[in-house]
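Engineer: One file: my_file18.cif (mmCIF, C-alpha atoms).
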data_run
loop_
_atom_site.group_PDB
_atom_site.id
_atom_site.type_symbol
_atom_site.label_atom_id
_atom_site.label_comp_id
_atom_site.auth_asym_id
_atom_site.auth_seq_id
_atom_site.Cartn_x
_atom_site.Cartn_y
_atom_site.Cartn_z
ATOM 1 C CA MET W 1 0.000 0.000 0.000
ATOM 2 C CA ASP W 2 1.317 3.436 -0.919
ATOM 3 C CA GLU W 3 0.189 5.006 2.331
ATOM 4 C CA ARG W 4 2.344 2.602 4.327
ATOM 5 C CA ALA W 5 5.571 4.082 2.981
ATOM 6 C CA SER W 6 4.465 7.716 3.218
ATOM 7 C CA LEU W 7 2.969 7.500 6.719
ATOM 8 C CA ARG W 8 5.562 5.305 8.410
ATOM 9 C CA LYS W 9 7.283 6.915 11.412
ATOM 10 C CA ARG W 10 4.925 9.914 11.277
ATOM 11 C CA VAL W 11 3.020 10.953 14.400
ATOM 12 C CA ILE W 12 -0.771 10.846 14.434
ATOM 13 C CA MET W 13 -2.945 12.067 17.292
ATOM 14 C CA ILE W 14 -6.312 10.315 17.563
ATOM 15 C CA THR W 15 -9.010 11.711 19.837
ATOM 16 C CA GLY W 16 -11.715 9.368 21.073
ATOM 17 C CA ALA W 17 -9.119 6.596 20.946
ATOM 18 C CA SER W 18 -11.030 4.361 23.360
ATOM 19 C CA GLY W 19 -14.220 4.414 21.302
ATOM 20 C CA PHE W 20 -15.535 2.043 18.649
ATOM 21 C CA THR W 21 -13.895 3.725 15.665
ATOM 22 C CA GLY W 22 -10.968 4.953 17.761
ATOM 23 C CA GLY W 23 -9.864 1.453 18.714
ATOM 24 C CA HIS W 24 -9.839 0.336 15.098
ATOM 25 C CA ALA W 25 -8.032 3.533 14.065
ATOM 26 C CA CYS W 26 -5.279 3.033 16.661
ATOM 27 C CA ARG W 27 -4.635 -0.505 15.450
ATOM 28 C CA TYR W 28 -4.701 0.478 11.786
ATOM 29 C CA PHE W 29 -2.325 3.427 11.976
ATOM 30 C CA ALA W 30 0.049 1.632 14.354
ATOM 31 C CA GLY W 31 0.034 -1.217 11.821
ATOM 32 C CA LEU W 32 1.221 1.240 9.183
ATOM 33 C CA GLY W 33 4.263 1.944 11.330
ATOM 34 C CA MET W 34 3.022 5.282 12.636
ATOM 35 C CA ARG W 35 3.541 6.583 16.166
ATOM 36 C CA VAL W 36 0.022 6.857 17.550
ATOM 37 C CA ALA W 37 -0.919 9.233 20.356
ATOM 38 C CA GLY W 38 -4.346 8.131 21.548
ATOM 39 C CA ILE W 39 -6.312 10.755 23.480
ATOM 40 C CA VAL W 40 -8.732 9.290 26.029
ATOM 41 C CA ARG W 41 -10.686 10.595 29.009
ATOM 42 C CA GLN W 42 -9.530 7.735 31.236
ATOM 43 C CA THR W 43 -6.920 5.019 30.884
ATOM 44 C CA GLN W 44 -8.618 2.064 32.559
ATOM 45 C CA ALA W 45 -8.979 -1.155 30.535
ATOM 46 C CA LEU W 46 -7.329 0.123 27.365
ATOM 47 C CA PRO W 47 -5.826 -2.460 24.997
ATOM 48 C CA ALA W 48 -2.051 -2.604 24.767
ATOM 49 C CA ILE W 49 -1.203 -1.933 21.116
ATOM 50 C CA GLU W 50 2.398 -1.746 19.963
ATOM 51 C CA GLY W 51 3.100 1.749 18.675
ATOM 52 C CA VAL W 52 0.204 3.350 20.592
ATOM 53 C CA ARG W 53 0.709 5.605 23.595
ATOM 54 C CA TYR W 54 -2.329 6.889 25.450
ATOM 55 C CA TYR W 55 -2.723 10.363 26.914
ATOM 56 C CA THR W 56 -5.500 11.348 29.298
ATOM 57 C CA CYS W 57 -7.296 14.571 28.462
ATOM 58 C CA ASP W 58 -10.827 15.925 28.653
ATOM 59 C CA LEU W 59 -11.267 17.745 25.349
ATOM 60 C CA MET W 60 -13.162 20.471 27.205
ATOM 61 C CA ASP W 61 -9.899 21.285 29.015
ATOM 62 C CA LYS W 62 -8.468 23.867 26.639
ATOM 63 C CA GLN W 63 -5.208 24.366 28.566
ATOM 64 C CA LYS W 64 -4.461 20.625 28.797
ATOM 65 C CA LEU W 65 -5.233 20.246 25.093
ATOM 66 C CA ASP W 66 -2.786 23.046 24.253
ATOM 67 C CA GLU W 67 -0.108 21.365 26.373
ATOM 68 C CA LEU W 68 -0.684 17.968 24.754
ATOM 69 C CA ALA W 69 -0.504 19.373 21.242
ATOM 70 C CA ARG W 70 2.862 20.965 22.026
ATOM 71 C CA LYS W 71 4.115 17.746 23.631
ATOM 72 C CA ILE W 72 2.972 15.424 20.837
ATOM 73 C CA ALA W 73 3.680 17.791 17.900
ATOM 74 C CA PRO W 74 1.587 15.666 15.509
ATOM 75 C CA ASP W 75 1.961 15.390 11.757
ATOM 76 C CA TYR W 76 -1.671 14.250 11.476
ATOM 77 C CA VAL W 77 -4.763 14.454 13.667
ATOM 78 C CA LEU W 78 -7.884 12.304 13.444
ATOM 79 C CA HIS W 79 -10.643 13.792 15.584
ATOM 80 C CA LEU W 80 -13.105 11.069 16.592
ATOM 81 C CA GLY W 81 -13.973 12.387 20.035
ATOM 82 C CA GLY W 82 -17.530 13.421 20.800
ATOM 83 C CA LYS W 83 -20.998 12.026 21.421
ATOM 84 C CA ASN W 84 -23.191 10.281 18.864
ATOM 85 C CA SER W 85 -26.324 8.903 20.519
ATOM 86 C CA VAL W 86 -29.545 10.312 19.060
ATOM 87 C CA PRO W 87 -31.716 9.283 22.078
ATOM 88 C CA GLU W 88 -29.202 10.749 24.526
ATOM 89 C CA SER W 89 -29.114 13.995 22.541
ATOM 90 C CA TRP W 90 -32.850 14.420 23.142
ATOM 91 C CA ALA W 91 -32.318 13.901 26.874
ATOM 92 C CA ASP W 92 -29.384 16.332 27.162
ATOM 93 C CA PRO W 93 -29.140 18.562 24.066
ATOM 94 C CA LEU W 94 -26.820 21.131 25.625
ATOM 95 C CA LEU W 95 -24.286 18.422 26.442
ATOM 96 C CA TYR W 96 -24.174 17.564 22.745
ATOM 97 C CA MET W 97 -23.597 21.192 21.734
ATOM 98 C CA GLU W 98 -20.803 21.483 24.295
ATOM 99 C CA THR W 99 -19.181 18.138 23.486
ATOM 100 C CA ASN W 100 -19.324 18.145 19.694
ATOM 101 C CA VAL W 101 -18.702 21.805 18.891
ATOM 102 C CA LEU W 102 -16.474 23.595 21.397
ATOM 103 C CA PRO W 103 -13.836 20.830 21.864
ATOM 104 C CA THR W 104 -13.436 20.635 18.082
ATOM 105 C CA LEU W 105 -12.540 24.334 17.997
ATOM 106 C CA TYR W 106 -10.296 23.953 21.051
ATOM 107 C CA LEU W 107 -8.455 21.200 19.195
ATOM 108 C CA LEU W 108 -8.045 23.223 16.000
ATOM 109 C CA ASN W 109 -6.832 26.208 17.981
ATOM 110 C CA ALA W 110 -4.294 24.031 19.838
ATOM 111 C CA LEU W 111 -2.953 22.905 16.440
ATOM 112 C CA ARG W 112 -2.428 26.406 15.030
ATOM 113 C CA PRO W 113 1.291 26.349 16.015
ATOM 114 C CA PHE W 114 1.624 23.356 13.648
ATOM 115 C CA PRO W 115 0.475 24.762 10.277
ATOM 116 C CA ALA W 116 1.609 21.677 8.364
ATOM 117 C CA CYS W 117 -0.413 19.283 10.539
ATOM 118 C CA ARG W 118 -3.186 17.736 8.449
ATOM 119 C CA VAL W 119 -6.450 17.334 10.352
ATOM 120 C CA LEU W 120 -9.453 15.141 9.632
ATOM 121 C CA ILE W 121 -12.648 15.727 11.595
ATOM 122 C CA ALA W 122 -15.121 12.833 11.691
ATOM 123 C CA GLY W 123 -18.617 14.203 11.149
ATOM 124 C CA THR W 124 -21.747 12.368 10.059
ATOM 125 C CA LYS W 125 -24.125 12.094 7.136
ATOM 126 C CA ALA W 126 -26.941 12.988 9.538
ATOM 127 C CA VAL W 127 -26.467 16.737 9.052
ATOM 128 C CA PHE W 128 -28.909 19.279 7.665
ATOM 129 C CA SER W 129 -28.555 22.518 5.719
ATOM 130 C CA LEU W 130 -27.869 25.561 7.881
ATOM 131 C CA THR W 131 -30.095 27.758 5.758
ATOM 132 C CA PRO W 132 -33.699 28.721 6.563
ATOM 133 C CA PRO W 133 -36.035 27.030 7.124
ATOM 134 C CA TYR W 134 -34.046 25.013 9.636
ATOM 135 C CA ARG W 135 -35.141 21.370 9.865
ATOM 136 C CA PRO W 136 -32.849 19.460 12.264
ATOM 137 C CA PRO W 137 -34.124 15.886 12.761
ATOM 138 C CA HIS W 138 -32.674 15.692 16.292
ATOM 139 C CA PRO W 139 -30.256 17.552 18.625
ATOM 140 C CA TYR W 140 -27.364 15.272 17.615
ATOM 141 C CA SER W 141 -27.797 16.405 14.015
ATOM 142 C CA LEU W 142 -27.851 20.034 15.142
ATOM 143 C CA SER W 143 -24.597 19.602 17.077
ATOM 144 C CA LYS W 144 -22.822 17.951 14.132
ATOM 145 C CA SER W 145 -24.190 20.495 11.644
ATOM 146 C CA LEU W 146 -22.838 23.306 13.822
ATOM 147 C CA GLN W 147 -19.549 21.421 14.102
ATOM 148 C CA LYS W 148 -19.338 21.158 10.313
ATOM 149 C CA ALA W 149 -19.990 24.881 9.841
ATOM 150 C CA ALA W 150 -17.417 25.744 12.526
ATOM 151 C CA VAL W 151 -14.742 23.439 11.085
ATOM 152 C CA MET W 152 -15.114 24.658 7.509
ATOM 153 C CA SER W 153 -15.225 28.306 8.627
ATOM 154 C CA TRP W 154 -12.177 27.870 10.854
ATOM 155 C CA SER W 155 -10.215 26.268 8.029
ATOM 156 C CA CYS W 156 -11.087 29.209 5.783
ATOM 157 C CA LEU W 157 -10.221 31.826 8.408
ATOM 158 C CA PHE W 158 -6.893 30.389 9.554
ATOM 159 C CA GLY W 159 -5.711 28.377 6.551
ATOM 160 C CA GLN W 160 -5.232 25.131 8.456
ATOM 161 C CA PRO W 161 -5.247 21.962 6.306
ATOM 162 C CA VAL W 162 -8.522 20.605 7.683
ATOM 163 C CA MET W 163 -10.889 18.101 6.058
ATOM 164 C CA LEU W 164 -14.228 16.688 7.136
ATOM 165 C CA ALA W 165 -15.378 13.070 6.747
ATOM 166 C CA GLU W 166 -19.094 12.255 6.715
ATOM 167 C CA PRO W 167 -19.394 8.483 7.163
ATOM 168 C CA SER W 168 -22.579 6.469 6.914
ATOM 169 C CA ASN W 169 -23.523 3.923 9.603
ATOM 170 C CA LEU W 170 -20.275 2.248 10.663
ATOM 171 C CA ILE W 171 -20.462 -1.396 11.694
ATOM 172 C CA GLY W 172 -18.065 -4.147 12.682
ATOM 173 C CA PRO W 173 -16.650 -5.874 15.760
ATOM 174 C CA GLY W 174 -16.241 -3.705 18.817
ATOM 175 C CA PRO W 175 -18.137 -1.662 21.417
ATOM 176 C CA SER W 176 -20.558 0.096 19.095
ATOM 177 C CA THR W 177 -24.026 1.260 20.140
ATOM 178 C CA GLY W 178 -25.423 1.198 16.593
ATOM 179 C CA PHE W 179 -28.265 -0.913 15.225
ATOM 180 C CA CYS W 180 -26.109 -3.809 14.010
ATOM 181 C CA ALA W 181 -24.223 -4.029 17.303
ATOM 182 C CA LEU W 182 -27.459 -4.033 19.299
ATOM 183 C CA LEU W 183 -28.904 -6.781 17.110
ATOM 184 C CA GLY W 184 -25.675 -8.783 17.243
ATOM 185 C CA ARG W 185 -25.562 -8.529 21.043
ATOM 186 C CA TYR W 186 -29.207 -9.616 21.239
ATOM 187 C CA ILE W 187 -28.691 -12.653 18.986
ATOM 188 C CA ALA W 188 -25.580 -13.729 20.910
ATOM 189 C CA ALA W 189 -27.569 -13.536 24.153
ATOM 190 C CA CYS W 190 -30.357 -15.640 22.609
ATOM 191 C CA GLU W 191 -27.777 -18.209 21.488
ATOM 192 C CA ARG W 192 -26.580 -18.470 25.089
ATOM 193 C CA GLY W 193 -30.131 -19.318 26.124
ATOM 194 C CA GLU W 194 -30.826 -16.069 27.942
ATOM 195 C CA ALA W 195 -34.494 -15.152 28.179
ATOM 196 C CA MET W 196 -35.018 -12.135 25.973
ATOM 197 C CA LYS W 197 -37.968 -9.994 24.943
ATOM 198 C CA ALA W 198 -38.495 -9.599 21.200
ATOM 199 C CA PHE W 199 -35.983 -7.257 19.563
ATOM 200 C CA ARG W 200 -37.815 -4.193 18.229
ATOM 201 C CA ILE W 201 -36.872 -2.851 14.791
ATOM 202 C CA SER W 202 -38.411 0.457 13.725
ATOM 203 C CA SER W 203 -39.476 -0.616 10.234
ATOM 204 C CA ARG W 204 -38.952 -3.324 7.644
ATOM 205 C CA ALA W 205 -38.615 -0.702 4.927
ATOM 206 C CA SER W 206 -36.192 1.772 6.567
ATOM 207 C CA ARG W 207 -33.082 1.977 4.402
ATOM 208 C CA ARG W 208 -29.544 2.759 5.528
ATOM 209 C CA ASP W 209 -26.042 2.597 4.166
ATOM 210 C CA PHE W 210 -23.837 0.365 6.322
ATOM 211 C CA LEU W 211 -20.039 0.477 5.993
ATOM 212 C CA ASP W 212 -17.478 -1.608 7.858
ATOM 213 C CA VAL W 213 -15.558 0.571 10.309
ATOM 214 C CA ARG W 214 -12.271 -0.941 9.097
ATOM 215 C CA ASP W 215 -12.984 0.289 5.567
ATOM 216 C CA ALA W 216 -13.828 3.711 6.985
ATOM 217 C CA VAL W 217 -10.571 3.897 8.943
ATOM 218 C CA ARG W 218 -8.642 2.980 5.810
ATOM 219 C CA ALA W 219 -10.454 5.800 4.000
ATOM 220 C CA TYR W 220 -9.486 8.190 6.800
ATOM 221 C CA GLY W 221 -5.838 7.295 6.299
ATOM 222 C CA ILE W 222 -6.041 8.002 2.587
ATOM 223 C CA MET W 223 -7.815 11.318 3.221
ATOM 224 C CA LEU W 224 -5.202 12.396 5.737
ATOM 225 C CA GLU W 225 -2.411 11.675 3.273
ATOM 226 C CA LYS W 226 -3.962 12.632 -0.058
ATOM 227 C CA GLY W 227 -7.153 14.584 0.636
ATOM 228 C CA THR W 228 -7.694 18.208 -0.326
ATOM 229 C CA PRO W 229 -7.872 20.650 2.622
ATOM 230 C CA GLY W 230 -11.243 22.321 2.945
ATOM 231 C CA GLU W 231 -13.080 19.394 1.350
ATOM 232 C CA VAL W 232 -15.932 17.356 2.793
ATOM 233 C CA TYR W 233 -15.708 13.638 1.947
ATOM 234 C CA THR W 234 -18.722 11.340 2.208
ATOM 235 C CA VAL W 235 -17.651 7.822 3.225
ATOM 236 C CA THR W 236 -20.226 5.187 2.298
ATOM 237 C CA SER W 237 -20.498 1.643 0.984
ATOM 238 C CA GLY W 238 -22.531 2.889 -1.974
ATOM 239 C CA LYS W 239 -25.347 0.425 -1.253
ATOM 240 C CA GLU W 240 -28.396 0.951 0.923
ATOM 241 C CA ARG W 241 -30.152 -1.966 2.585
ATOM 242 C CA THR W 242 -33.453 -2.215 4.399
ATOM 243 C CA LEU W 243 -33.423 -3.113 8.058
ATOM 244 C CA GLU W 244 -35.299 -6.264 7.116
ATOM 245 C CA GLU W 245 -32.415 -7.265 4.816
ATOM 246 C CA ILE W 246 -29.969 -6.726 7.664
ATOM 247 C CA ALA W 247 -32.071 -8.773 10.066
ATOM 248 C CA VAL W 248 -32.257 -11.634 7.549
ATOM 249 C CA LEU W 249 -28.469 -11.564 7.088
ATOM 250 C CA PHE W 250 -27.990 -11.752 10.864
ATOM 251 C CA MET W 251 -30.391 -14.703 11.144
ATOM 252 C CA LYS W 252 -28.576 -16.464 8.315
ATOM 253 C CA ALA W 253 -25.187 -15.902 9.942
ATOM 254 C CA SER W 254 -26.545 -17.138 13.279
ATOM 255 C CA GLY W 255 -28.313 -20.146 11.811
ATOM 256 C CA SER W 256 -31.362 -19.525 13.966
ATOM 257 C CA ASP W 257 -34.405 -17.292 14.138
ATOM 258 C CA VAL W 258 -34.828 -14.922 17.060
ATOM 259 C CA PRO W 259 -37.980 -13.037 18.050
ATOM 260 C CA VAL W 260 -38.268 -9.672 16.301
ATOM 261 C CA GLU W 261 -40.980 -7.052 16.693
ATOM 262 C CA TRP W 262 -41.482 -4.761 13.722
ATOM 263 C CA GLY W 263 -42.587 -1.133 13.913
ATOM 264 C CA ASP W 264 -43.944 0.993 11.097
ATOM 265 C CA GLU W 265 -41.621 4.010 11.366
ATOM 266 C CA ASP W 266 -39.367 5.062 8.498
ATOM 267 C CA ASP W 267 -36.269 6.735 9.912
ATOM 268 C CA SER W 268 -34.216 6.568 6.707
ATOM 269 C CA ILE W 269 -32.105 9.580 5.857
ATOM 270 C CA LYS W 270 -34.029 11.244 3.052
ATOM 271 C CA GLU W 271 -31.081 12.639 1.072
ATOM 272 C CA ARG W 272 -29.043 9.610 0.090
ATOM 273 C CA ASP W 273 -26.030 8.795 -2.027
ATOM 274 C CA SER W 274 -26.508 5.835 -4.345
ATOM 275 C CA GLN W 275 -22.852 5.408 -5.281
ATOM 276 C CA VAL W 276 -19.460 5.516 -3.630
ATOM 277 C CA PRO W 277 -18.397 9.188 -3.830
ATOM 278 C CA MET W 278 -16.095 9.832 -6.778
ATOM 279 C CA GLY W 279 -13.813 11.983 -4.617
ATOM 280 C CA LEU W 280 -12.672 8.964 -2.627
ATOM 281 C CA GLU W 281 -12.478 6.742 -5.698
ATOM 282 C CA SER W 282 -10.066 9.246 -7.221
ATOM 283 C CA LEU W 283 -7.906 8.929 -4.101
ATOM 284 C CA GLY W 284 -7.737 5.163 -4.574
ATOM 285 C CA TRP W 285 -10.308 4.024 -2.010
ATOM 286 C CA LYS W 286 -13.296 1.742 -2.289
ATOM 287 C CA PRO W 287 -14.955 -0.580 0.232
ATOM 288 C CA SER W 288 -13.407 -4.043 0.462
ATOM 289 C CA ILE W 289 -15.179 -5.806 3.346
ATOM 290 C CA PRO W 290 -18.508 -7.456 2.408
ATOM 291 C CA ILE W 291 -21.381 -6.939 4.798
ATOM 292 C CA GLU W 292 -21.618 -10.705 5.417
ATOM 293 C CA ARG W 293 -18.116 -10.610 6.943
ATOM 294 C CA SER W 294 -18.986 -7.551 9.020
ATOM 295 C CA ILE W 295 -22.039 -9.322 10.438
ATOM 296 C CA SER W 296 -20.102 -12.519 11.110
ATOM 297 C CA ASP W 297 -17.399 -10.548 12.940
ATOM 298 C CA ILE W 298 -20.016 -8.666 14.994
ATOM 299 C CA LEU W 299 -21.613 -11.934 16.110
ATOM 300 C CA GLN W 300 -18.226 -13.428 16.951
ATOM 301 C CA TYR W 301 -17.319 -10.357 19.010
ATOM 302 C CA PHE W 302 -20.458 -10.671 21.152
ATOM 303 C CA ARG W 303 -20.283 -14.467 21.321
ATOM 304 C CA THR W 304 -16.819 -14.194 22.876
ATOM 305 C CA GLY W 305 -17.872 -11.753 25.559
ATOM 306 C CA GLY W 306 -17.694 -8.349 23.848
ATOM 307 C CA GLY W 307 -19.711 -5.801 25.744
ATOM 308 C CA VAL W 308 -20.449 -8.207 28.612
ATOM 309 C CA SER W 309 -19.491 -7.051 32.098
ATOM 310 C CA LYS W 310 -17.281 -9.533 33.926
#
In structure tokens, what does this structure look like?

Structural biologist:
Amino acid sequence: MDERASLRKRVIMITGASGFTGGHACRYFAGLGMRVAGIVRQTQALPAIEGVRYYTCDLMDKQKLDELARKIAPDYVLHLGGKNSVPESWADPLLYMETNVLPTLYLLNALRPFPACRVLIAGTKAVFSLTPPYRPPHPYSLSKSLQKAAVMSWSCLFGQPVMLAEPSNLIGPGPSTGFCALLGRYIAACERGEAMKAFRISSRASRRDFLDVRDAVRAYGIMLEKGTPGEVYTVTSGKERTLEEIAVLFMKASGSDVPVEWGDEDDSIKERDSQVPMGLESLGWKPSIPIERSISDILQYFRTGGGVSK
């Protein structure tokens, strides 16, 4: 891979390093031979990964963030830190504004002494247009839409080489709280013989784009190395599937049926991409992990104790 030679020995700072995507990112970039500085809020129960050093920092602590940036002096930064639960955002909307917007600007400001440092901010496809009439679907979307506007404006104002990634629904083995992880955890519990209520799925017809997190992390690496500053890159599989299709694939991988309760909601994102964005294709990226493997790996993760308190 070309990026292996160009990124080797470089320093990358990854915020949210203990999260679902962050764990995969740490392993991937360390595997490329990079020196990885993983930023976490607490250091308990973190995996030991060769080439990864963890630093404790609350991203709301502007002074500590400034100190860490000077200490690490990164060549690249992947900002994954933040909150991404739609239900939680309804319960505490101000927390989402504080967590997803201000720390992003604190981070960019801390990196101003390093004008050559290339920065990738992980956003979401669940954003809306910040032009009247405003139609945010939920507070999480509002927080990420404000983050996007702040990041792009900051890049323009201060000339920092900043890019934004807007991934679709990321899936794969690990401590995710997304739909596929919840279903995988439920099926693994049923396989163990635990008594479970029927798993509720909002709608048979709801359509979503699901992308393996390992493909997304690989795309992030390519963007950091070859992407154009100031650009927004959509990271998708290029194929939407109904939630019923996903449920059937999980049942097939499990080899057993589990009780499912269907709702009649349709929470699909209305503005959808039908193809892999050409911008990423031109950089040499396309998805490589089939969804069947993603689902199999999710089930294996939960079958072997992932997400189970011990």

Engineer: Have a look at atom CA of W:Glu67 and atom CA of W:Leu105 and let me know their distance in Å, one decimal.

Structural biologist: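 Rounded to one decimal, the two atoms are 15.3 Å apart.
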
Engineer: For the interface of stretch 139-233 of chain W with stretch 71-77 of chain W (cut-off 10 Å, counting only C-alpha atoms), please tabulate each contacting residue of stretch 139-233 of chain W alongside its nearest pair of atoms and their separation in Å to one decimal, rows sorted by chain and increasing number, as CSV.

Structural biologist:
residue,atom,partner,partner_atom,distance
W:Pro161,CA,W:Tyr76,CA,9.9
W:Val162,CA,W:Val77,CA,9.4
W:Gly221,CA,W:Tyr76,CA,9.6
W:Leu224,CA,W:Tyr76,CA,7.0
W:Glu225,CA,W:Tyr76,CA,8.6

Engineer: Could you write those residues out with C-alpha atoms, as an mmCIF file, keeping the file's coordinate frame?

Structural biologist:
data_model
loop_
_atom_site.group_PDB
_atom_site.id
_atom_site.type_symbol
_atom_site.label_atom_id
_atom_site.label_comp_id
_atom_site.auth_asym_id
_atom_site.auth_seq_id
_atom_site.Cartn_x
_atom_site.Cartn_y
_atom_site.Cartn_z
ATOM 1 C CA PRO W 161 -5.247 21.962 6.306
ATOM 2 C CA VAL W 162 -8.522 20.605 7.683
ATOM 3 C CA GLY W 221 -5.838 7.295 6.299
ATOM 4 C CA LEU W 224 -5.202 12.396 5.737
ATOM 5 C CA GLU W 225 -2.411 11.675 3.273
#

Engineer: Taking the file as I've supplied it (selection: the PyMOL selection byres ((chain W and resi 179-181) around 9)), which residues are included? Please answer as a list in words.

Structural biologist: Asn169, Ile171, Gly172, Pro173, Gly174, Pro175, Ser176, Thr177, Gly178, Leu182, Leu183, Gly184, Arg185, Tyr186, Ile201, Ile246, Ala247, Phe250, Ile295, Ile298, Leu299 and Phe302 of chain W

Engineer: Apply the PyMOL selection byres ((chain W and resi 240-243) around 8) to the displayed file and report the matching residues as a ChimeraX atom specification.

Structural biologist: /W:201,203-210,237-239,244-247,274

Engineer: Kindly resolve the PyMOL selection byres ((chain W and resi 84) around 10) on the present coordinates and return the residues as a list in words.

Structural biologist: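 Applying the expression gives Gly81, Gly82, Lys83, Ser85, Val86, Pro87, Glu88, Ser89, Tyr96, Thr99, Asn100, Gly123, Thr124, Tyr140, Ser141, Ser143, Lys144, Thr177 and Gly178 of chain W.
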
Engineer: Rank nothing, just name the residue among W:Ala37, W:Ile49, W:Leu164, W:Leu146 nearest to W:Ser129, using all atoms listed in the file.

Structural biologist: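 Of all the options, W:Leu146 lies closest to W:Ser129.
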
Engineer: Of the residues W:Leu211, W:Ser202, W:Ala25, W:Ser153, which is the one nearest to W:Asp264, using all atoms listed in the file?

Structural biologist: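 Under the stated criterion, the closest residue is W:Ser202.
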
Engineer: Can you tell me which residues surround W:Glu50 at a distance of at most 9 Å, considering only C-alpha atoms, apart from same-chain residues fewer than 4 positions away, and format the answer as a list in words?

Structural biologist: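 Using only C-alpha atoms, the neighbours found are Arg27, Ala30 and Gly31 of chain W.
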
Engineer: Using only C-alpha atoms, please write the residues we just selected to a file, as a PDB file, in the coordinates of the input.

Structural biologist:
ATOM      1  CA  ARG W  27      -4.635  -0.505  15.450  1.00  0.00           C
ATOM      2  CA  ALA W  30       0.049   1.632  14.354  1.00  0.00           C
ATOM      3  CA  GLY W  31       0.034  -1.217  11.821  1.00  0.00           C
TER       4      GLY W  31
END

Engineer: Using all atoms listed in the file, find the one residue out of W:Leu59, W:Val127, W:Leu94, W:Ala150 that sits nearest to W:Tyr106.

Structural biologist: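 Checking each of W:Leu59, W:Val127, W:Leu94, W:Ala150 against W:Tyr106, counting all atoms listed in the file, the winner is W:Leu59.
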
Engineer: Which residues, protein or nucleic acid, reach to within 7 Å of (-4.2, 8.7, 27.7) in the file's coordinates when using all atoms listed in the file, and can you give that as number ranges by chain?

Structural biologist: W: 38-43, 54-57

Engineer: Any idea what's packed within 12 Å of W:Val232, counting all atoms listed in the file, ignoring anything in its chain fewer than 6 positions away? Could you give it as number ranges by chain?

Structural biologist: W: 120-125, 148-149, 151-152, 155, 162-167, 220, 223, 277, 279-280

Engineer: Counting all atoms listed in the file, which residue out of W:Glu231, W:Ile187, W:Gly284, W:His24 sits closest to W:Ser256?

Structural biologist: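 Under the stated criterion, the closest residue is W:Ile187.
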
Engineer: What is the distance between atom CA of W:Leu78 and atom CA of W:Ile12, in Å to one decimal?

Structural biologist: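 Atom CA of W:Ile12 lies 7.3 Å from atom CA of W:Leu78.
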
Engineer: Can you pull out the residues contacting W:Gly23? Cut-off 9 Å, using all atoms listed in the file, and skip same-chain residues under 5 positions away; I want them as a list in words.

Structural biologist: Gly16, Ala17, Ser18, Tyr28, Pro47 and Gly174 of chain W

Engineer: So which residues touch stretch 107-113 of chain W within 7 Å, counting all atoms listed in the file, skipping near sequence neighbours fewer than 4 positions away, as a PyMOL selection string?

Structural biologist: chain W and resi 65-66+69+103

Engineer: Using only the atoms of stretch 242-254 of chain W listed in the file, plus 6 Å on each side, state the axis-aligned box centre and edge lengths in Å rounded to one decimal, as AutoDock Vina command-line options.

Structural biologist:
--center_x -30.2 --center_y -9.7 --center_z 8.8 --size_x 22.1 --size_y 26.9 --size_z 20.9

Engineer: Quick one: pull the distance between atom CA of W:Ile291 and atom CA of W:Ala216, Å, one decimal.

Structural biologist: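 About the pair atom CA of W:Ile291 and atom CA of W:Ala216: they are 13.2 Å apart.
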
Engineer: Kindly indicate which residue among W:Ala219, W:Leu130, W:Val101, W:Leu68 lies nearest to W:Phe29, using all atoms listed in the file for the distances.

Structural biologist: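 Between W:Ala219, W:Leu130, W:Val101, W:Leu68, the residue approaching W:Phe29 most closely is W:Ala219.
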
Engineer: With only C-alpha atoms as the atoms that count, which of W:Val248, W:Arg70, W:Phe158, W:Thr234 lies nearest to W:Ala126?

Structural biologist: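 Among the listed residues, the smallest separation from W:Ala126 belongs to W:Thr234.
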
Engineer: Env of W:Arg35: 7 Å cut, atoms = all atoms listed in the file, seq-sep filter 6 positions within chain, self excluded. Answer as a list in words.

Structural biologist: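 Near neighbours after the sequence-gap exclusion: Lys9, Arg10, Val11, Ile12, Gly51 and Val52 of chain W.
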
Engineer: Would it be fine to have stretch 19-41 of chain W, with C-alpha atoms, given as an mmCIF file, in the first residue's frame?

Structural biologist:
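The resulting result16.cif:
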data_model
loop_
_atom_site.group_PDB
_atom_site.id
_atom_site.type_symbol
_atom_site.label_atom_id
_atom_site.label_comp_id
_atom_site.auth_asym_id
_atom_site.auth_seq_id
_atom_site.Cartn_x
_atom_site.Cartn_y
_atom_site.Cartn_z
ATOM 1 C CA GLY W 19 -14.220 4.414 21.302
ATOM 2 C CA PHE W 20 -15.535 2.043 18.649
ATOM 3 C CA THR W 21 -13.895 3.725 15.665
ATOM 4 C CA GLY W 22 -10.968 4.953 17.761
ATOM 5 C CA GLY W 23 -9.864 1.453 18.714
ATOM 6 C CA HIS W 24 -9.839 0.336 15.098
ATOM 7 C CA ALA W 25 -8.032 3.533 14.065
ATOM 8 C CA CYS W 26 -5.279 3.033 16.661
ATOM 9 C CA ARG W 27 -4.635 -0.505 15.450
ATOM 10 C CA TYR W 28 -4.701 0.478 11.786
ATOM 11 C CA PHE W 29 -2.325 3.427 11.976
ATOM 12 C CA ALA W 30 0.049 1.632 14.354
ATOM 13 C CA GLY W 31 0.034 -1.217 11.821
ATOM 14 C CA LEU W 32 1.221 1.240 9.183
ATOM 15 C CA GLY W 33 4.263 1.944 11.330
ATOM 16 C CA MET W 34 3.022 5.282 12.636
ATOM 17 C CA ARG W 35 3.541 6.583 16.166
ATOM 18 C CA VAL W 36 0.022 6.857 17.550
ATOM 19 C CA ALA W 37 -0.919 9.233 20.356
ATOM 20 C CA GLY W 38 -4.346 8.131 21.548
ATOM 21 C CA ILE W 39 -6.312 10.755 23.480
ATOM 22 C CA VAL W 40 -8.732 9.290 26.029
ATOM 23 C CA ARG W 41 -10.686 10.595 29.009
#
